[in-house]
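Participant: This is the content of start_4.pdb (PDB, C-alpha atoms):
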```pdb
ATOM      1  CA  MET L   1    -124.176  12.257  13.960
ATOM      2  CA  ASP L   2    -121.913  10.937  11.203
ATOM      3  CA  LEU L   3    -120.148  13.791   9.454
ATOM      4  CA  ALA L   4    -118.574  11.617   6.766
ATOM      5  CA  TYR L   5    -119.098   8.117   5.426
ATOM      6  CA  ILE L   6    -119.094   6.097   2.237
ATOM      7  CA  PRO L   7    -122.662   5.820   0.926
ATOM      8  CA  SER L   8    -124.018   2.543  -0.386
ATOM      9  CA  PRO L   9    -125.920   2.448  -3.676
ATOM     10  CA  SER L  10    -129.693   2.391  -3.331
ATOM     11  CA  THR L  11    -129.852  -0.577  -5.688
ATOM     12  CA  GLY L  12    -127.444  -3.068  -7.169
ATOM     13  CA  VAL L  13    -129.382  -3.385 -10.420
ATOM     14  CA  ILE L  14    -129.920  -0.954 -13.280
ATOM     15  CA  HIS L  15    -132.592  -1.891 -15.825
ATOM     16  CA  LEU L  16    -132.109  -1.045 -19.489
ATOM     17  CA  GLY L  17    -135.594  -1.904 -20.643
ATOM     18  CA  PRO L  18    -136.056  -5.630 -19.976
ATOM     19  CA  ILE L  19    -132.304  -6.174 -19.487
ATOM     20  CA  PRO L  20    -131.031  -5.978 -15.883
ATOM     21  CA  LEU L  21    -127.435  -4.792 -15.399
ATOM     22  CA  ARG L  22    -126.231  -6.012 -12.032
ATOM     23  CA  GLY L  23    -123.367  -4.178 -10.377
ATOM     24  CA  TYR L  24    -121.911  -7.382  -8.911
ATOM     25  CA  ALA L  25    -121.725  -9.144 -12.272
ATOM     26  CA  PHE L  26    -120.451  -5.982 -13.963
ATOM     27  CA  CYS L  27    -117.509  -5.775 -11.531
ATOM     28  CA  ILE L  28    -116.656  -9.450 -12.077
ATOM     29  CA  ILE L  29    -116.692  -9.019 -15.862
ATOM     30  CA  ILE L  30    -114.480  -5.913 -15.749
ATOM     31  CA  GLY L  31    -112.081  -7.711 -13.408
ATOM     32  CA  VAL L  32    -111.766 -10.660 -15.781
ATOM     33  CA  PHE L  33    -111.159  -8.321 -18.723
ATOM     34  CA  VAL L  34    -108.379  -6.483 -16.856
ATOM     35  CA  ALA L  35    -106.756  -9.758 -15.766
ATOM     36  CA  VAL L  36    -106.693 -11.121 -19.330
ATOM     37  CA  TRP L  37    -105.515  -7.812 -20.829
ATOM     38  CA  TYR L  38    -102.652  -7.309 -18.387
ATOM     39  CA  GLY L  39    -101.783 -11.004 -18.341
ATOM     40  CA  ASN L  40    -101.480 -10.908 -22.137
ATOM     41  CA  LYS L  41     -99.005  -8.026 -21.953
ATOM     42  CA  ARG L  42     -96.872  -9.862 -19.407
ATOM     43  CA  TRP L  43     -97.056 -13.095 -21.391
ATOM     44  CA  ILE L  44     -95.814 -11.410 -24.552
ATOM     45  CA  ALA L  45     -92.994  -9.786 -22.562
ATOM     46  CA  ARG L  46     -91.993 -13.261 -21.353
ATOM     47  CA  GLY L  47     -91.709 -14.504 -24.949
ATOM     48  CA  GLY L  48     -95.223 -15.826 -25.540
ATOM     49  CA  THR L  49     -97.632 -15.011 -28.347
ATOM     50  CA  ALA L  50    -100.580 -12.626 -28.255
ATOM     51  CA  GLY L  51    -103.929 -14.257 -27.620
ATOM     52  CA  THR L  52    -102.598 -17.238 -25.666
ATOM     53  CA  VAL L  53    -103.717 -15.848 -22.299
ATOM     54  CA  ALA L  54    -107.245 -15.268 -23.593
ATOM     55  CA  ASP L  55    -107.429 -18.740 -25.118
ATOM     56  CA  ILE L  56    -106.504 -20.368 -21.810
ATOM     57  CA  ALA L  57    -108.805 -18.000 -19.906
ATOM     58  CA  VAL L  58    -111.700 -19.517 -21.862
ATOM     59  CA  TRP L  59    -111.042 -22.617 -19.753
ATOM     60  CA  ALA L  60    -109.898 -20.974 -16.519
ATOM     61  CA  VAL L  61    -112.699 -18.417 -16.037
ATOM     62  CA  PRO L  62    -115.717 -20.789 -16.192
ATOM     63  CA  PHE L  63    -113.935 -23.272 -13.943
ATOM     64  CA  GLY L  64    -113.077 -20.444 -11.556
ATOM     65  CA  LEU L  65    -116.649 -19.191 -11.368
ATOM     66  CA  VAL L  66    -117.965 -22.679 -10.662
ATOM     67  CA  GLY L  67    -115.261 -23.278  -8.058
ATOM     68  CA  GLY L  68    -115.891 -19.960  -6.358
ATOM     69  CA  ARG L  69    -119.607 -20.609  -6.154
ATOM     70  CA  LEU L  70    -119.144 -24.160  -4.899
ATOM     71  CA  TYR L  71    -116.839 -23.008  -2.101
ATOM     72  CA  HIS L  72    -119.341 -20.358  -1.031
ATOM     73  CA  VAL L  73    -122.328 -22.697  -1.102
ATOM     74  CA  ILE L  74    -120.491 -25.471   0.753
ATOM     75  CA  THR L  75    -119.108 -23.217   3.490
ATOM     76  CA  ASP L  76    -122.395 -21.288   3.851
ATOM     77  CA  TYR L  77    -124.799 -24.122   3.149
ATOM     78  CA  GLN L  78    -127.225 -22.885   5.826
ATOM     79  CA  LEU L  79    -128.108 -19.952   3.568
ATOM     80  CA  TYR L  80    -129.529 -22.307   0.963
ATOM     81  CA  PHE L  81    -130.377 -25.670   2.510
ATOM     82  CA  SER L  82    -131.644 -24.874   6.005
ATOM     83  CA  GLU L  83    -135.327 -24.747   6.894
ATOM     84  CA  GLY L  84    -137.172 -21.903   5.217
ATOM     85  CA  GLU L  85    -134.483 -21.340   2.563
ATOM     86  CA  ASN L  86    -134.815 -22.038  -1.143
ATOM     87  CA  TRP L  87    -132.039 -24.269  -2.500
ATOM     88  CA  VAL L  88    -132.545 -22.783  -5.975
ATOM     89  CA  ASP L  89    -130.906 -19.604  -4.685
ATOM     90  CA  ALA L  90    -127.604 -21.491  -4.666
ATOM     91  CA  PHE L  91    -127.507 -21.011  -8.439
ATOM     92  CA  LYS L  92    -128.140 -17.253  -8.313
ATOM     93  CA  ILE L  93    -124.532 -16.204  -8.617
ATOM     94  CA  TRP L  94    -125.508 -12.661  -9.575
ATOM     95  CA  GLU L  95    -126.773 -12.065  -6.036
ATOM     96  CA  GLY L  96    -123.234 -12.422  -4.689
ATOM     97  CA  GLY L  97    -121.277 -15.234  -3.148
ATOM     98  CA  LEU L  98    -117.960 -16.294  -4.690
ATOM     99  CA  GLY L  99    -115.244 -17.851  -2.565
ATOM    100  CA  ILE L 100    -111.806 -16.829  -3.835
ATOM    101  CA  TRP L 101    -110.273 -20.068  -2.539
ATOM    102  CA  GLY L 102    -112.558 -22.200  -4.677
ATOM    103  CA  ALA L 103    -112.209 -19.841  -7.636
ATOM    104  CA  ILE L 104    -108.404 -20.072  -7.637
ATOM    105  CA  ALA L 105    -108.350 -23.833  -7.019
ATOM    106  CA  LEU L 106    -110.796 -24.846  -9.732
ATOM    107  CA  GLY L 107    -109.668 -22.014 -12.007
ATOM    108  CA  ALA L 108    -106.181 -23.525 -11.853
ATOM    109  CA  VAL L 109    -107.630 -26.816 -13.087
ATOM    110  CA  GLY L 110    -109.174 -25.044 -16.055
ATOM    111  CA  ALA L 111    -105.911 -23.221 -16.748
ATOM    112  CA  TRP L 112    -104.040 -26.534 -16.581
ATOM    113  CA  ILE L 113    -106.344 -28.016 -19.206
ATOM    114  CA  GLY L 114    -105.869 -24.986 -21.453
ATOM    115  CA  CYS L 115    -102.091 -25.039 -20.997
ATOM    116  CA  ARG L 116    -101.857 -28.741 -21.832
ATOM    117  CA  ARG L 117    -103.805 -28.193 -25.034
ATOM    118  CA  ARG L 118    -101.227 -25.602 -26.127
ATOM    119  CA  GLY L 119     -98.131 -27.315 -24.731
ATOM    120  CA  ILE L 120     -97.456 -24.537 -22.211
ATOM    121  CA  PRO L 121     -96.104 -24.988 -18.663
ATOM    122  CA  LEU L 122     -98.759 -23.986 -16.139
ATOM    123  CA  PRO L 123     -96.290 -22.312 -13.695
ATOM    124  CA  ALA L 124     -95.085 -19.894 -16.382
ATOM    125  CA  TYR L 125     -98.664 -19.006 -17.298
ATOM    126  CA  ALA L 126     -99.550 -18.531 -13.627
ATOM    127  CA  ASP L 127     -96.608 -16.163 -13.149
ATOM    128  CA  ALA L 128     -97.766 -14.044 -16.072
ATOM    129  CA  ILE L 129    -101.347 -13.638 -14.893
ATOM    130  CA  ALA L 130    -100.699 -13.339 -11.133
ATOM    131  CA  PRO L 131    -100.784  -9.503 -10.906
ATOM    132  CA  GLY L 132    -103.803  -9.419 -13.192
ATOM    133  CA  ILE L 133    -105.700 -11.762 -10.889
ATOM    134  CA  ALA L 134    -104.959  -9.474  -7.946
ATOM    135  CA  LEU L 135    -106.290  -6.494  -9.924
ATOM    136  CA  ALA L 136    -109.364  -8.509 -10.905
ATOM    137  CA  GLN L 137    -110.026  -9.170  -7.216
ATOM    138  CA  ALA L 138    -109.585  -5.477  -6.434
ATOM    139  CA  ILE L 139    -112.250  -4.605  -8.991
ATOM    140  CA  GLY L 140    -114.511  -7.530  -8.160
ATOM    141  CA  ARG L 141    -114.706  -6.534  -4.477
ATOM    142  CA  TRP L 142    -116.697  -3.459  -5.481
ATOM    143  CA  GLY L 143    -119.477  -5.865  -6.393
ATOM    144  CA  ASN L 144    -119.916  -6.395  -2.647
ATOM    145  CA  TRP L 145    -120.427  -2.640  -2.308
ATOM    146  CA  PHE L 146    -123.305  -2.806  -4.785
ATOM    147  CA  ASN L 147    -124.868  -5.666  -2.829
ATOM    148  CA  GLN L 148    -124.197  -4.092   0.600
ATOM    149  CA  GLU L 149    -122.498  -7.233   1.912
ATOM    150  CA  LEU L 150    -119.299  -8.414   3.585
ATOM    151  CA  TYR L 151    -118.750  -5.317   5.702
ATOM    152  CA  GLY L 152    -116.951  -5.182   9.035
ATOM    153  CA  ARG L 153    -117.679  -4.155  12.589
ATOM    154  CA  PRO L 154    -119.525  -0.905  13.409
ATOM    155  CA  THR L 155    -117.358   2.219  13.321
ATOM    156  CA  ASP L 156    -117.648   6.007  13.185
ATOM    157  CA  LEU L 157    -114.481   6.573  11.163
ATOM    158  CA  PRO L 158    -114.736   9.117   8.313
ATOM    159  CA  TRP L 159    -114.452   6.321   5.763
ATOM    160  CA  ALA L 160    -117.125   4.146   7.376
ATOM    161  CA  LEU L 161    -119.569   2.404   5.052
ATOM    162  CA  LYS L 162    -123.216   3.330   5.482
ATOM    163  CA  ILE L 163    -125.501   0.300   5.269
ATOM    164  CA  THR L 164    -129.256   0.615   4.834
ATOM    165  CA  GLU L 165    -131.692  -1.606   6.669
ATOM    166  CA  SER L 166    -133.154  -4.727   5.098
ATOM    167  CA  ALA L 167    -134.385  -8.150   6.140
ATOM    168  CA  ASN L 168    -130.839  -9.468   6.518
ATOM    169  CA  ARG L 169    -128.955  -6.419   7.793
ATOM    170  CA  GLU L 170    -129.168  -3.611  10.310
ATOM    171  CA  ALA L 171    -128.709   0.014   9.317
ATOM    172  CA  GLY L 172    -125.546   1.724  10.502
ATOM    173  CA  THR L 173    -121.971   2.596   9.595
ATOM    174  CA  TYR L 174    -119.437  -0.212   9.398
ATOM    175  CA  HIS L 175    -115.829  -0.871   8.416
ATOM    176  CA  PRO L 176    -115.711  -1.065   4.596
ATOM    177  CA  THR L 177    -113.853  -4.369   4.443
ATOM    178  CA  PHE L 178    -114.571  -4.580   0.715
ATOM    179  CA  LEU L 179    -112.543  -1.388   0.287
ATOM    180  CA  TYR L 180    -109.728  -2.621   2.537
ATOM    181  CA  GLU L 181    -109.401  -5.791   0.508
ATOM    182  CA  SER L 182    -109.636  -3.925  -2.800
ATOM    183  CA  LEU L 183    -106.770  -1.626  -1.832
ATOM    184  CA  TRP L 184    -104.781  -4.546  -0.450
ATOM    185  CA  CYS L 185    -105.133  -6.412  -3.747
ATOM    186  CA  VAL L 186    -103.821  -3.401  -5.674
ATOM    187  CA  GLY L 187    -100.822  -3.406  -3.350
ATOM    188  CA  VAL L 188    -100.330  -7.139  -3.923
ATOM    189  CA  ALA L 189    -100.323  -6.605  -7.708
ATOM    190  CA  LEU L 190     -97.688  -3.880  -7.393
ATOM    191  CA  LEU L 191     -95.586  -6.062  -5.084
ATOM    192  CA  VAL L 192     -95.618  -8.990  -7.513
ATOM    193  CA  VAL L 193     -94.711  -6.780 -10.483
ATOM    194  CA  TRP L 194     -91.819  -5.210  -8.554
ATOM    195  CA  ALA L 195     -90.499  -8.530  -7.212
ATOM    196  CA  ASP L 196     -90.787 -10.165 -10.625
ATOM    197  CA  ARG L 197     -88.712  -7.423 -12.231
ATOM    198  CA  ARG L 198     -86.202  -7.297  -9.384
ATOM    199  CA  PHE L 199     -85.638 -11.023  -8.838
ATOM    200  CA  LYS L 200     -86.747 -12.528 -12.187
ATOM    201  CA  LEU L 201     -89.226 -14.882 -10.575
ATOM    202  CA  GLY L 202     -90.053 -18.034 -12.483
ATOM    203  CA  HIS L 203     -91.497 -21.541 -12.236
ATOM    204  CA  GLY L 204     -94.637 -20.339 -10.444
ATOM    205  CA  ARG L 205     -92.913 -18.260  -7.759
ATOM    206  CA  ALA L 206     -94.538 -14.972  -8.839
ATOM    207  CA  PHE L 207     -97.924 -16.641  -8.497
ATOM    208  CA  ALA L 208     -96.963 -18.091  -5.110
ATOM    209  CA  LEU L 209     -95.909 -14.615  -3.963
ATOM    210  CA  TYR L 210     -99.317 -13.281  -4.994
ATOM    211  CA  VAL L 211    -101.031 -16.059  -3.038
ATOM    212  CA  ALA L 212     -98.921 -15.484   0.089
ATOM    213  CA  ALA L 213     -99.331 -11.701   0.011
ATOM    214  CA  TYR L 214    -103.074 -11.933  -0.547
ATOM    215  CA  CYS L 215    -103.509 -14.403   2.308
ATOM    216  CA  ALA L 216    -101.573 -12.139   4.660
ATOM    217  CA  GLY L 217    -104.076  -9.360   4.043
ATOM    218  CA  ARG L 218    -107.133 -11.574   3.866
ATOM    219  CA  GLY L 219    -106.395 -12.905   7.339
ATOM    220  CA  TRP L 220    -106.752  -9.605   9.191
ATOM    221  CA  ILE L 221    -109.532  -8.318   6.923
ATOM    222  CA  GLU L 222    -111.539 -11.500   7.438
ATOM    223  CA  TYR L 223    -111.105 -11.117  11.188
ATOM    224  CA  MET L 224    -112.946  -7.765  11.007
ATOM    225  CA  ARG L 225    -116.048  -9.089   9.269
ATOM    226  CA  VAL L 226    -119.305  -9.628  11.145
ATOM    227  CA  ASP L 227    -121.316 -11.679   8.654
ATOM    228  CA  GLU L 228    -122.213 -15.232   9.589
ATOM    229  CA  ALA L 229    -119.428 -17.778   9.156
ATOM    230  CA  HIS L 230    -118.281 -21.125  10.498
ATOM    231  CA  HIS L 231    -115.676 -20.949  13.280
ATOM    232  CA  VAL L 232    -112.903 -23.387  14.166
ATOM    233  CA  LEU L 233    -111.102 -22.955  17.499
ATOM    234  CA  GLY L 234    -112.526 -19.465  17.801
ATOM    235  CA  LEU L 235    -111.415 -18.279  14.343
ATOM    236  CA  ARG L 236    -113.449 -17.941  11.177
ATOM    237  CA  LEU L 237    -112.964 -20.748   8.667
ATOM    238  CA  ASN L 238    -111.591 -18.327   6.063
ATOM    239  CA  VAL L 239    -108.944 -17.117   8.524
ATOM    240  CA  TRP L 240    -107.688 -20.668   8.944
ATOM    241  CA  THR L 241    -107.781 -21.149   5.190
ATOM    242  CA  ALA L 242    -105.694 -18.001   4.708
ATOM    243  CA  ILE L 243    -103.131 -19.204   7.264
ATOM    244  CA  VAL L 244    -102.774 -22.670   5.712
ATOM    245  CA  VAL L 245    -102.583 -21.404   2.117
ATOM    246  CA  PHE L 246    -100.072 -18.711   3.151
ATOM    247  CA  LEU L 247     -97.757 -21.335   4.655
ATOM    248  CA  LEU L 248     -98.065 -23.574   1.585
ATOM    249  CA  ALA L 249     -97.220 -20.673  -0.726
ATOM    250  CA  VAL L 250     -94.142 -19.723   1.296
ATOM    251  CA  VAL L 251     -92.927 -23.334   1.355
ATOM    252  CA  TYR L 252     -93.390 -23.537  -2.415
ATOM    253  CA  ILE L 253     -91.317 -20.385  -2.970
ATOM    254  CA  VAL L 254     -88.451 -21.709  -0.827
ATOM    255  CA  VAL L 255     -88.414 -25.235  -2.259
ATOM    256  CA  SER L 256     -88.927 -24.133  -5.853
ATOM    257  CA  SER L 257     -86.108 -21.575  -5.701
ATOM    258  CA  ARG L 258     -83.724 -24.325  -4.598
ATOM    259  CA  LEU L 259     -84.831 -27.019  -6.998
ATOM    260  CA  ARG L 260     -85.471 -24.821 -10.044
ATOM    261  CA  PRO L 261     -83.646 -21.497  -9.711
ATOM    262  CA  GLY L 262     -83.952 -18.772 -12.313
ATOM    263  CA  ARG L 263     -86.715 -18.256 -14.840
ATOM    264  CA  GLU L 264     -87.939 -20.276 -17.803
ATOM    265  CA  GLU L 265     -86.128 -19.331 -21.012
ATOM    266  CA  ILE L 266     -88.917 -20.668 -23.223
ATOM    267  CA  VAL L 267     -92.537 -20.256 -22.086
ATOM    268  CA  GLU L 268     -94.283 -21.118 -25.329
ATOM    269  CA  PRO L 269     -92.618 -23.587 -27.714
ATOM    270  CA  LYS L 270     -94.763 -22.437 -30.650
ATOM    271  CA  ALA L 271     -93.574 -18.853 -30.188
ATOM    272  CA  GLU L 272     -89.952 -20.011 -30.093
ATOM    273  CA  LYS L 273     -90.481 -22.039 -33.247
ATOM    274  CA  LYS L 274     -91.957 -19.019 -35.020
ATOM    275  CA  VAL L 275     -88.923 -16.929 -34.066
ATOM    276  CA  GLU L 276     -86.582 -19.609 -35.457
ATOM    277  CA  GLU L 277     -88.593 -19.855 -38.680
ATOM    278  CA  LYS L 278     -88.481 -16.077 -39.131
ATOM    279  CA  THR L 279     -84.715 -16.078 -38.531
ATOM    280  CA  GLU L 280     -84.231 -18.825 -41.116
ATOM    281  CA  GLU L 281     -86.431 -16.989 -43.622
ATOM    282  CA  LYS L 282     -84.417 -13.798 -43.198
ATOM    283  CA  ALA L 283     -81.161 -15.734 -43.650
ATOM    284  CA  GLU L 284     -82.486 -17.347 -46.840
ATOM    285  CA  GLU L 285     -83.686 -13.998 -48.192
ATOM    286  CA  LYS L 286     -80.279 -12.461 -47.480
ATOM    287  CA  ALA L 287     -78.501 -15.357 -49.246
ATOM    288  CA  GLU L 288     -80.781 -15.058 -52.280
ATOM    289  CA  GLY L 289     -80.145 -11.315 -52.417
ATOM    290  CA  SER L 290     -76.392 -11.883 -52.345
ATOM    291  CA  GLU L 291     -76.576 -14.383 -55.196
ATOM    292  CA  LYS L 292     -78.608 -11.997 -57.336
ATOM    293  CA  ALA L 293     -76.231  -9.108 -56.699
ATOM    294  CA  GLY L 294     -73.094 -11.288 -57.189
ATOM    295  CA  ASP L 295     -70.330 -12.027 -54.694
ATOM    296  CA  PRO L 296     -68.619  -8.658 -54.057
ATOM    297  CA  ASP L 297     -65.581 -10.303 -52.499
ATOM    298  CA  ALA L 298     -64.965 -12.487 -55.504
ATOM    299  CA  SER L 299     -65.369  -9.521 -57.873
ATOM    300  CA  ALA L 300     -62.893  -7.415 -55.930
ATOM    301  CA  ALA L 301     -60.305 -10.183 -55.872
ATOM    302  CA  THR L 302     -60.439 -11.078 -59.587
ATOM    303  CA  GLY L 303     -61.645  -7.857 -61.176
ATOM    304  CA  SER L 304     -64.793  -7.395 -63.211
ATOM    305  CA  GLY L 305     -65.286 -10.355 -65.564
ATOM    306  CA  ALA L 306     -61.855 -11.857 -64.691
ATOM    307  CA  ASP L 307     -61.325 -15.594 -64.527
ATOM    308  CA  PRO L 308     -60.241 -16.469 -61.004
ATOM    309  CA  ASP L 309     -58.321 -19.509 -62.350
ATOM    310  CA  ALA L 310     -56.349 -17.478 -64.972
ATOM    311  CA  VAL L 311     -52.523 -17.545 -64.721
ATOM    312  CA  ASP L 312     -50.736 -14.237 -64.044
ATOM    313  CA  LEU L 313     -48.349 -13.636 -66.922
ATOM    314  CA  GLY L 314     -45.531 -11.132 -67.007
ATOM    315  CA  LYS L 315     -44.761  -8.802 -69.930
ATOM    316  CA  ASP L 316     -42.673 -11.451 -71.619
ATOM    317  CA  GLY L 317     -45.387 -14.049 -71.416
ATOM    318  CA  THR L 318     -43.740 -16.070 -68.692
ATOM    319  CA  ASN L 319     -45.321 -16.991 -65.428
ATOM    320  CA  GLY L 320     -45.114 -13.897 -63.192
ATOM    321  CA  LYS L 321     -44.421 -16.005 -60.139
ATOM    322  CA  GLU L 322     -41.611 -17.888 -61.855
ATOM    323  CA  ALA L 323     -40.081 -14.667 -63.194
ATOM    324  CA  GLY L 324     -40.149 -13.122 -59.783
ATOM    325  CA  HIS L 325     -38.568 -16.262 -58.328
ATOM    326  CA  GLY L 326     -35.744 -16.186 -60.850
ATOM    327  CA  ALA L 327     -35.008 -12.534 -60.306
ATOM    328  CA  GLY L 328     -34.836 -13.116 -56.612
ATOM    329  CA  LYS L 329     -32.225 -15.855 -57.090
ATOM    330  CA  SER L 330     -29.906 -13.672 -59.142
TER     331      SER L 330
END
```
Rewrite the structure of this file - the entire thing - as structure tokens.
Facilitator:
Amino acid sequence: MDLAYIPSPSTGVIHLGPIPLRGYAFCIIIGVFVAVWYGNKRWIARGGTAGTVADIAVWAVPFGLVGGRLYHVITDYQLYFSEGENWVDAFKIWEGGLGIWGAIALGAVGAWIGCRRRGIPLPAYADAIAPGIALAQAIGRWGNWFNQELYGRPTDLPWALKITESANREAGTYHPTFLYESLWCVGVALLVVWADRRFKLGHGRAFALYVAAYCAGRGWIEYMRVDEAHHVLGLRLNVWTAIVVFLLAVVYIVVSSRLRPGREEIVEPKAEKKVEEKTEEKAEEKAEGSEKAGDPDASAATGSGADPDAVDLGKDGTNGKEAGHGAGKS
């Protein structure tokens, strides 16, 4: 008898009249909102302008969703293209199935397009949004809870996830791998924020740290899962992907820190130009104010209304300087 467990929702869809609200999609949307909101705050702190992160996200998010779905469909093609399956289901993204590897890869392409349109270096943008992406993943993983998918091996731990029976799953209590990954992603976000403040990471190294830290956790979490997956040399494909991407991220951090140490001073040329224009405007306003009020230094030196070129005359009408010079001689 299980004394404690995490219950699964009876349904992943709530209907508001004819409009279905799907828990999976809702979690993805909230995650994107949090990533853009927090990324915007970090971007402004780095010297960028408000709204830039959202403008680039308009490119990155659709590309990321397509990439995530493509990775899932390609690596789990048997779910859609084997005998008895309906290939149309490959387009039903709301039913679950987004591969983070494809989402990040193709999302980066979209972000690159958006950055080029605004004249912004992609590495700087990636550094700003890295913790936000980790938080978005933490929130998005709860979509798997709504769909009762991607759980781990059977367990009787107090925090086990209770799964109900259906055509594709067996009832029981399992490791809540969605929860493990969600908590891990929160930890990754905190790690990146701390390291960025402590070491002033730049040129894409904060993003690379996020990638490496996420892969380290994804490796052991993936190893616990029991859903169908392709295996290579006895390991799940996603475990190998995590290992390879982890190594690439670490190599990037090491090489980048040697070739391009420090952090970018200017992340958004337009923002820098606006600052210079404001500085020039203030200087011009100050100069105009001084002209209207008169030059106080000149007034103090010559007296009110005095001619600065007038000759200083002594009491006898002679040049004061010459009189002084003559007295000194005698």
Participant: Go through the shown structure with the PyMOL selection byres ((chain L and resi 77-91) around 12) and write out the matching residues as a ChimeraX atom specification.
Facilitator: /L:65-66,68-76,92-98,168,227-230
Participant: Please measure the separation of atom CA of Gly204 of chain L and atom CA of Ile100 of chain L, giving the value in Å to one decimal.
Facilitator: 18.7 Å
Participant: What does the structure give for the distance between atom CA of Lys200 of chain L and atom CA of Gly48 of chain L, in Å to one decimal?
Facilitator: 16.2 Å
Participant: I'd like the neighbourhood of segment 236-238 of chain L as a list in words, where a residue qualifies if any of its atoms comes within 9 Å (using all atoms listed in the file), though same-chain residues fewer than 5 positions away should be ignored.
Facilitator: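 The contact residues come out as Thr75, Trp101, Arg218, Gly219, Glu222, Tyr223, Ala229, His230, His231 and Ile243 of chain L.
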Participant: Report, as AutoDock Vina command-line options, the axis-aligned box around all atoms of segment 99-116 of chain L present in the file, extended by 5 Å on each side; give centre and edge lengths in Å to one decimal place.
Facilitator:
```
--center_x -108.6 --center_y -22.8 --center_z -12.2 --size_x 23.4 --size_y 21.9 --size_z 29.3
```
Participant: Suppose you want the space between atom CA of Leu106 of chain L and atom CA of Ile129 of chain L; what is it in Å?
Facilitator: 15.5 Å
Participant: Which polymer residues have any atom within 10 Å of an atom of Tyr252 of chain L, counting all atoms listed in the file, with same-chain residues fewer than 5 positions away left out, as a ChimeraX atom specification?
Facilitator: /L:204-205,208-209,246-247,257-258
Participant: Hey, which of L:Asp156, L:Glu264, L:Asp55, L:Asp127 ends up closest to Ala4 of chain L? Count all atoms listed in the file.
Facilitator: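 Among the listed residues, L:Asp156 lies closest to Ala4 of chain L.
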Participant: Take the PyMOL selection byres ((chain L and resi 29) around 12), run it mentally on this structure, and tell me the resulting residues as a ChimeraX atom specification.
Facilitator: /L:21-28,30-36,61-62,65,94,136-137,139-143
Participant: Using only C-alpha atoms, which of L:Thr155, L:Ala130, L:Gly67, L:Ala160 sits nearest Gly102 of chain L?
Facilitator: L:Gly67
Participant: Out of L:Thr241, L:Ser182, L:Thr177, L:Thr52, which residue has the shortest atom-to-atom distance to Asn40 of chain L when counting all atoms listed in the file?
Facilitator: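 Looking only at the distances to Asn40 of chain L, the closest residue turns out to be L:Thr52.
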Participant: Run the PyMOL selection byres ((chain L and resi 185) around 7) on the file and write out the hits as a compact mmCIF listing (two decimals) with C-alpha atoms, in the frame of the given file.
Facilitator:
```txt
# COMPACT_ATOMS: atom_id res chain seq x y z
CA ALA L 134 -104.96 -9.47 -7.95
CA LEU L 135 -106.29 -6.49 -9.92
CA GLN L 137 -110.03 -9.17 -7.22
CA ALA L 138 -109.58 -5.48 -6.43
CA GLU L 181 -109.40 -5.79 0.51
CA SER L 182 -109.64 -3.92 -2.80
CA LEU L 183 -106.77 -1.63 -1.83
CA TRP L 184 -104.78 -4.55 -0.45
CA VAL L 186 -103.82 -3.40 -5.67
CA GLY L 187 -100.82 -3.41 -3.35
CA VAL L 188 -100.33 -7.14 -3.92
CA ALA L 189 -100.32 -6.60 -7.71
CA TYR L 214 -103.07 -11.93 -0.55
```
Participant: Would you please work out which residue, of L:Ile56, L:Val211, L:Leu179, L:Val244, is nearest to Ile133 of chain L when using all atoms listed in the file?
Facilitator: L:Val211
Participant: L:Phe63, L:Tyr125, L:Trp220, L:Phe146: which is nearest Gly110 of chain L, counting all atoms listed in the file?
Facilitator: L:Phe63
